[in-house]
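Colleague: First the structure, which I've put down as C-alpha cells, then a few questions once you've had a look.
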Amino acid sequence: FAALINYADHMTKSVKVPKEVFARVRNVVADLSARASSGVGKEEDEETITRRVVEVTNTIAGYNMVTRMVMALDVGNMEGEEVPVPDSI
C-alpha cells in the first residue's frame with residue numbers, strides 16, 4: 001500500500017503525479033482486483049481496473065478539497081497548529 005500513500009503525497013504536495021508513480025498505483029489496484037475476483041474465477045477487465053483507479057484518485061482529491069476548505073476557513077481556529085508527519089510508514 002506504500003504506492004497508494006506515495007500517490008496521495010504527489011497529488012497533495014505537487015499535484016502532478018509522475019508516470020512511474022501512477023503505474024505503480026495501477027499495478028496495486030490490478031493486483032487487489034485480481035485477489036478480490038479470484039474467488040469468482042475471473043480476472044477484472046481493464047475498464048474495471050481503470051474505474052477503480054479513478055475511484056482512488058477521486059477519494060484522494062476529495063480529501064484534499066475538504067482539507068483546503070477547512071484550512072482556508074480556519075475551521076476550529078487551528079490555523080497555526082502543526083500536523084505531525086510520521087518518519088516512515
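Chain identifiers are assigned as A, B, and so on, following the order in which chains appear in the C-alpha cells; residues are numbered from 1 within each chain, and ligands are numbered from 1 in order of appearance.
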What residues in range 1-69 of chain A get the DSSP label helix (DSSP H, G or I)? Please answer as number ranges by chain.
Modeller: A: 2-13, 19-37, 46-69
Colleague: Just give me the gap between CA of Ala30 in chain A and CA of Tyr7 in chain A in Å, one decimal is fine.
Modeller: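 Those two atoms sit 15.2 Å apart.
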Colleague: I want to know what sits within 12 Å of Ala23 in chain A, based on only C-alpha atoms, with residues of the same chain fewer than 4 positions away left out; could you give that as a PDB file with N, CA and C atoms, in the first residue's frame?
Modeller:
```
ATOM      1  N   ALA A   3       2.579   2.348  -2.341  1.00  0.00           N
ATOM      2  CA  ALA A   3       2.382   3.017  -3.640  1.00  0.00           C
ATOM      3  C   ALA A   3       1.188   3.968  -3.578  1.00  0.00           C
ATOM      4  N   LEU A   4       0.144   3.582  -2.843  1.00  0.00           N
ATOM      5  CA  LEU A   4      -1.038   4.439  -2.721  1.00  0.00           C
ATOM      6  C   LEU A   4      -0.729   5.682  -1.885  1.00  0.00           C
ATOM      7  N   ASN A   6       2.255   7.033  -1.570  1.00  0.00           N
ATOM      8  CA  ASN A   6       3.120   7.844  -2.424  1.00  0.00           C
ATOM      9  C   ASN A   6       2.295   8.622  -3.450  1.00  0.00           C
ATOM     10  N   TYR A   7       1.299   7.975  -4.011  1.00  0.00           N
ATOM     11  CA  TYR A   7       0.391   8.613  -4.967  1.00  0.00           C
ATOM     12  C   TYR A   7      -0.342   9.786  -4.305  1.00  0.00           C
ATOM     13  N   VAL A  17       1.517  14.001 -10.886  1.00  0.00           N
ATOM     14  CA  VAL A  17       1.945  12.663 -10.497  1.00  0.00           C
ATOM     15  C   VAL A  17       2.823  12.082 -11.605  1.00  0.00           C
ATOM     16  N   PRO A  18       4.066  11.707 -11.273  1.00  0.00           N
ATOM     17  CA  PRO A  18       4.930  11.097 -12.287  1.00  0.00           C
ATOM     18  C   PRO A  18       4.325   9.796 -12.821  1.00  0.00           C
ATOM     19  N   LYS A  19       4.609   9.507 -14.074  1.00  0.00           N
ATOM     20  CA  LYS A  19       4.042   8.326 -14.721  1.00  0.00           C
ATOM     21  C   LYS A  19       4.396   7.033 -13.991  1.00  0.00           C
ATOM     22  N   ASN A  27      -0.854  -0.879 -10.886  1.00  0.00           N
ATOM     23  CA  ASN A  27      -0.482  -2.274 -10.625  1.00  0.00           C
ATOM     24  C   ASN A  27      -1.037  -2.770  -9.290  1.00  0.00           C
ATOM     25  N   VAL A  28      -0.982  -1.922  -8.266  1.00  0.00           N
ATOM     26  CA  VAL A  28      -1.534  -2.301  -6.959  1.00  0.00           C
ATOM     27  C   VAL A  28      -3.033  -2.538  -7.071  1.00  0.00           C
ATOM     28  N   VAL A  29      -3.721  -1.622  -7.742  1.00  0.00           N
ATOM     29  CA  VAL A  29      -5.172  -1.765  -7.918  1.00  0.00           C
ATOM     30  C   VAL A  29      -5.491  -3.034  -8.708  1.00  0.00           C
ATOM     31  N   ALA A  30      -4.727  -3.303  -9.752  1.00  0.00           N
ATOM     32  CA  ALA A  30      -4.947  -4.510 -10.553  1.00  0.00           C
ATOM     33  C   ALA A  30      -4.721  -5.766  -9.710  1.00  0.00           C
ATOM     34  N   THR A  50      -9.462   0.501 -14.440  1.00  0.00           N
ATOM     35  CA  THR A  50      -9.418   1.948 -14.665  1.00  0.00           C
ATOM     36  C   THR A  50     -10.426   2.663 -13.783  1.00  0.00           C
ATOM     37  N   VAL A  53      -9.089   2.818 -10.281  1.00  0.00           N
ATOM     38  CA  VAL A  53      -8.027   3.823 -10.153  1.00  0.00           C
ATOM     39  C   VAL A  53      -8.652   5.215 -10.079  1.00  0.00           C
TER      40      VAL A  53
END
```
Colleague: Using only C-alpha atoms for the distances, tell me which of A:Leu32, A:Pro86, A:Glu79, A:Lys16 is nearest to Thr67 in chain A.
Modeller: A:Glu79
Colleague: Give me the residues near Ile5 in chain A as a ChimeraX atom specification, where near means some atom within 10 Å (using only C-alpha atoms) and where sequence neighbours in that chain fewer than 5 positions away do not count.
Modeller: /A:10-11,25,60,89
Colleague: Hey, which of A:Met78, A:Asp87, A:Ala34, A:Ala61 ends up closest to Thr12 in chain A? Count only C-alpha atoms.
Modeller: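 Comparing A:Met78, A:Asp87, A:Ala34, A:Ala61 against Thr12 in chain A, the winner is A:Ala61.
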Colleague: One decimal, in Å: what's the spacing between CA of Val56 in chain A and CA of Val85 in chain A?
Modeller: 21.8 Å
Colleague: Pick out the closest residue to Lys13 in chain A from this set: A:Asp31, A:Arg68, A:Gly80, A:Val75. Count only C-alpha atoms.
Modeller: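 Smallest separation from Lys13 in chain A among the options: A:Arg68.
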Colleague: At what distance in Å, to one decimal, does CA of Arg35 in chain A lie from CA of Phe1 in chain A?
Modeller: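 Atom-to-atom, CA of Phe1 in chain A to CA of Arg35 in chain A, that is 14.4 Å.
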